[in-house]
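Structure first, commentary second.
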Amino acid sequence: MQETRAGAGEAKLGAHAAADGVAFAVRSSTAAAVWVSVFDESGERELDRVRLDRGDDHVHSGFVTGLLPGARYGLRADGEYDPGRGLWFDPGKLLMDPYAVEIDRPYVYDPRLAAPRDDRIDTAALMPKAIVPGIREPVAPQKPRWQPGGLIYEVPVRAFTMRHPDIDPALRGTIAALAQPPIVEHLQRLGVTAVELMPVAAWIDERHLGPLGLTNAWGYNPVTFMPIDPRLAPGGLDELRATVAALHDAGIGVILDVVFNHTGESDEQGPTLSLRGLDNPTYYRHVAGEPGRLVNDTGTGNTLDCDHPAVQRLVLDSLRHFVTGAGVDGFRFDLATVLGRNHAGVDSNAALLRAIADDPQLGDRILVAEPWDIGPDGYQLGRFPEPYIEWNDRYRDDVRRFWKGDAATAGALATRLAGSFDIFGSSAATRTVNFIAAHDGMTLADLVSYEHKHNEANGEQNRDGHHEHFSWNNGVEGPTADPAILSARSRDQRALLGTLFASRGALMLTAGDEFGRTQAGNNNAYAQDNEITWLDWQNRDRALEDYAVALSALRRRFPQLAETEILAGEGRAGGFADVSWLRPDGERMDVADWDAPGRRCLAMLLSGKGEMEPVLGVLVNGSDEEVAFALAEGEVDWRPALPGQPVFETGATFRVVPRSVAFLQGTRGGAANPTQPGS
């Protein structure tokens with residue numbers, strides 16, 4: 001029904017509408033032939049199949065006259081079918097365009113998507129269809145809404161509002177819900193600098209979930225990288241764009257959690273959905289000498305070959321798509337070490353990592369790296385180049401171990417409070433993202449309520465998830481009506497939050513941890529799209545929420561908390577903040593104090609950059625007894641910095657209740673003598 005004409009020059013990849021039709025271009029170095037399958041407006045009936053012309057640059061391109069924006073299409077590719085050699089060509093498999101920007105329905109796993117070519121199954125009825133985009137004006141470039149040392153709020157988009165009583169039921173679980181006044185007001189009250197949306201790119205369920213009656217709730221299983229899942233954004237990119245604009249108006253940035261380490265095509269038994277069927281040898285890493293075996297540095301069955309120029313271009317174009325199309329402020333890279341992998345291992349100065357940082361549209365964005373994967377040499381904390389900031393699991397574990405009561409952890413706690421100079425000390429500014437709980441693992445409330453994981457609902461006999469999470473239960477495993485235990489758990493959550501907000505560097509708080517969300521001890525709730533992960537807004541702990549709000553306000557009031565210079569023992573040129581580490585008796589901590597197995601208490605005193613800035617005292621009592629902290633009279637006039645906090649003043653002595661963090665505001669009359677842990 002349509003005629004075609006060859007594309008000219010270096011065609012833009014994907015589908016691009018013109019006045020008289022649509023230009024298509026797809027890259028494949030190994031396909032013998034590539035077609036565009038055009039469907040009716042329902043996406044159910046194939047109307048035409050148009051072969052594209054192959055160019056010298058491995059790009060198959062063509063122009064289909066008569067098509068308009070909104071047309072539904074897919075791709076088909078033919079060539080040799082030999083999975084043992086990494087070749088999966090099957091024209092019966094309808095494939096998603098890697099450069100599609102919108103799809104007409106969610107992915108649904110079906111075993112027929114993985115059927116061998118000899119079965120002669122056409123998968124068109126099982127696949128979403130790509131939608132030809134119209135012309136969209138790019139978002140005007142703006143500086144990201146972000147301050148170094150700010151508060152990142154990790155949001156599982158669907159779970160965040162599914163149970164919110166003040167959100168229109170038609171909007172619950174969507175990106176649009178994040179722009180509604182009750183949500184914006186909550187974020188502003190909490191002092192959120194940027195929300196970090198867990199993956200929004202359209203994903204497919206892992207094949208083992210269907211028989212268990214489960215579905216993927218987190219989204220870390222994309223097929224391609226640009227289309228937003230219709231379940232999260234029925235309005236597609238425009239919905240994200242409007243939500244970003246609304247949050248920007250409220251002074252809040254938007255970071256997208258992106259997955260460029262693997263796809264939902266999984267291992268050799270997985271479905272053929274896009275990249276595998278178009279050019280498997282190019283897009284995925286394979287075991288050396290065994291082209292039929294996929295490398296699995298991700299734990300998901302496959303690993304993208306981010307050392308290949310075609311993959312690098314796809315990643316960069318996908319990032320630019322969200323910056324120019326929606327105005328997002330940055331990205332968090334899941335298993336970011338994969339972006340730096342090559343045949344020799346992990347290179348922190350890899351071409352793709354450099355290209356992102358140097359790109360005119362991306363280099364000024366917030367770039368957050370999860371600095372590990374499960375492959376060889378996969379733990380790279382502290383080794384990413386600037387301007388990347390990094391998730392710091394050493395912070396998470398050391399803070400948990402201190403409050404759990406492990407011996408000889410005071411020095412590690414102080415190091416984390418100071419910005420993790422042992423990890424990021426090669427530069428003046430720390431690049432740490434401090435967090436105590438994240439989507440992966442136990443919630444903050446569960447950390448103090450469960451000593452063991454409880455993942456039975458995941459259908460894997462509690463074998464999945466992390467086995468060591470440094471949690472404790474305060475005497476009873478799980479739910480209890482005992483008021484003493486409930487009080488202890490509330491106290492411990494406050495202590496953990498107090499530690500987080502007192503720490504140098506960027507902070508991350510997972511949505512709902514500020515008001516005591518629970519997952520009933522499940523530390524791997526990726527497949528629980530239900531009330532296990534949906535936030536319970538009506539029954540939230542409002543007193544704990546108020547405390548988190550007060551801590552955030554305190555952090556904004558004292559600039560020395562939110563600065564990113566690594567705290568050091570000696571005063572620095574340029575007026576950087578100094579720190580003093582004291583024992584409860586007011587004397588400096590020495591080497592023996594830091595190494596003492598029973599050391600459970602310390603004071604961190606922070607001076608400001610100017611003489612007029614108030615001094616801040618952070619008193620940490622990790623013991624089970626009330627502890628009196630003696631602070632020198634005459635040098636600083638101290639008073640409590642937070643209303644209702646667990647500290648009582650008697651002259652220059654402050655009594656701090658068990659297992660708590662207290663904050664003092666001081667007016668200087670002299671200078672404190674700075675030191676640092678281990679000095």
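Within each chain, counting starts at residue 1; across the structure tokens, chains are named A, B, ... in the order shown, with ligands numbered 1 upward in that order.
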Write out as a PyMOL selection string the residues lying within 9 Å of Tyr153 of chain A, counting only C-alpha atoms and excluding same-chain residues fewer than 6 positions away. chain A and resi 187+192-197+507-511
For the residues in the current selection, export N, CA and C atoms as a compact mmCIF listing (two decimals), in the first residue's frame.
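Saved as selection_10.txt:
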# COMPACT_ATOMS: atom_id res chain seq x y z
N LEU A 187 6.57 16.52 49.65
CA LEU A 187 7.97 16.61 49.26
C LEU A 187 8.59 17.92 49.73
N VAL A 192 12.78 17.85 50.19
CA VAL A 192 13.37 17.04 49.13
C VAL A 192 13.99 17.96 48.07
N THR A 193 15.23 17.68 47.70
CA THR A 193 15.90 18.42 46.64
C THR A 193 15.56 17.84 45.28
N ALA A 194 15.54 16.51 45.19
CA ALA A 194 15.22 15.85 43.92
C ALA A 194 14.59 14.50 44.21
N VAL A 195 13.54 14.18 43.46
CA VAL A 195 12.99 12.83 43.52
C VAL A 195 13.77 11.96 42.53
N GLU A 196 14.01 10.73 42.91
CA GLU A 196 14.66 9.77 42.03
C GLU A 196 13.64 8.68 41.71
N LEU A 197 13.11 8.73 40.48
CA LEU A 197 12.06 7.79 40.09
C LEU A 197 12.68 6.46 39.71
N LEU A 507 22.38 12.93 50.48
CA LEU A 507 21.59 11.94 51.22
C LEU A 507 20.54 11.33 50.31
N MET A 508 20.19 10.09 50.59
CA MET A 508 19.06 9.47 49.90
C MET A 508 18.15 8.81 50.93
N LEU A 509 16.88 9.12 50.81
CA LEU A 509 15.85 8.54 51.66
C LEU A 509 14.83 7.88 50.75
N THR A 510 14.50 6.62 51.02
CA THR A 510 13.50 5.93 50.21
C THR A 510 12.11 6.30 50.69
N ALA A 511 11.23 6.56 49.75
CA ALA A 511 9.89 7.05 50.05
C ALA A 511 9.20 6.19 51.10
Extract the full set of strand (DSSP E or B) residues from segment 543-655 of chain A according to DSSP on the backbone, and format it as a PyMOL selection string. chain A and resi 565+579-582+588+601-606+615-621+627-630+636-640+647-650+653-655
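Every protein or nucleic acid residue with an atom no more than 6 Å from Asn302 of chain A, counting only C-alpha atoms and leaving out same-chain residues fewer than 3 positions away, appears here: His262, Ser266, Asp267, Leu294, Val295 and Asn296 of chain A.
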Just the selected residues (C-alpha atoms), exported as a PDB file, in the first residue's frame, please.
ATOM      1  CA  HIS A 262      20.826  -5.629  30.678  1.00  0.00           C
ATOM      2  CA  SER A 266      17.343 -12.495  29.665  1.00  0.00           C
ATOM      3  CA  ASP A 267      19.500 -15.578  29.010  1.00  0.00           C
ATOM      4  CA  LEU A 294      25.921 -14.696  27.151  1.00  0.00           C
ATOM      5  CA  VAL A 295      28.017 -13.018  29.824  1.00  0.00           C
ATOM      6  CA  ASN A 296      25.960 -12.557  32.996  1.00  0.00           C
TER       7      ASN A 296
END
Shortest interatomic distance to Ala527 of chain A - which of A:Glu386, A:Asp229, A:Asp205, A:Glu290, counting only C-alpha atoms: A:Asp205
Would you pick out the contacts of segment 583-590 of chain A at 6 Å or less, using only C-alpha atoms, so that residues sharing its chain but fewer than 2 positions from it are not included, and give the list as an mmCIF file with N, CA and C atoms, in the first residue's frame?
data_model
loop_
_atom_site.group_PDB
_atom_site.id
_atom_site.type_symbol
_atom_site.label_atom_id
_atom_site.label_comp_id
_atom_site.auth_asym_id
_atom_site.auth_seq_id
_atom_site.Cartn_x
_atom_site.Cartn_y
_atom_site.Cartn_z
ATOM 1 N N TRP A 581 36.298 15.944 67.241
ATOM 2 C CA TRP A 581 35.720 14.686 67.708
ATOM 3 C C TRP A 581 36.072 14.541 69.190
ATOM 4 N N ALA A 592 43.402 5.207 70.691
ATOM 5 C CA ALA A 592 42.861 4.159 71.563
ATOM 6 C C ALA A 592 41.342 4.251 71.657
ATOM 7 N N ASP A 593 40.818 5.481 71.668
ATOM 8 C CA ASP A 593 39.364 5.647 71.740
ATOM 9 C C ASP A 593 38.681 5.114 70.478
ATOM 10 N N LEU A 602 30.168 9.448 71.073
ATOM 11 C CA LEU A 602 31.109 10.455 70.599
ATOM 12 C C LEU A 602 30.343 11.733 70.290
ATOM 13 N N PHE A 629 27.371 14.371 78.332
ATOM 14 C CA PHE A 629 28.439 14.942 77.512
ATOM 15 C C PHE A 629 28.848 16.277 78.119
ATOM 16 N N ALA A 630 30.106 16.407 78.479
ATOM 17 C CA ALA A 630 30.639 17.641 79.043
ATOM 18 C C ALA A 630 31.285 18.451 77.931
ATOM 19 N N LEU A 631 30.729 19.615 77.661
ATOM 20 C CA LEU A 631 31.275 20.498 76.636
ATOM 21 C C LEU A 631 31.871 21.722 77.315
#
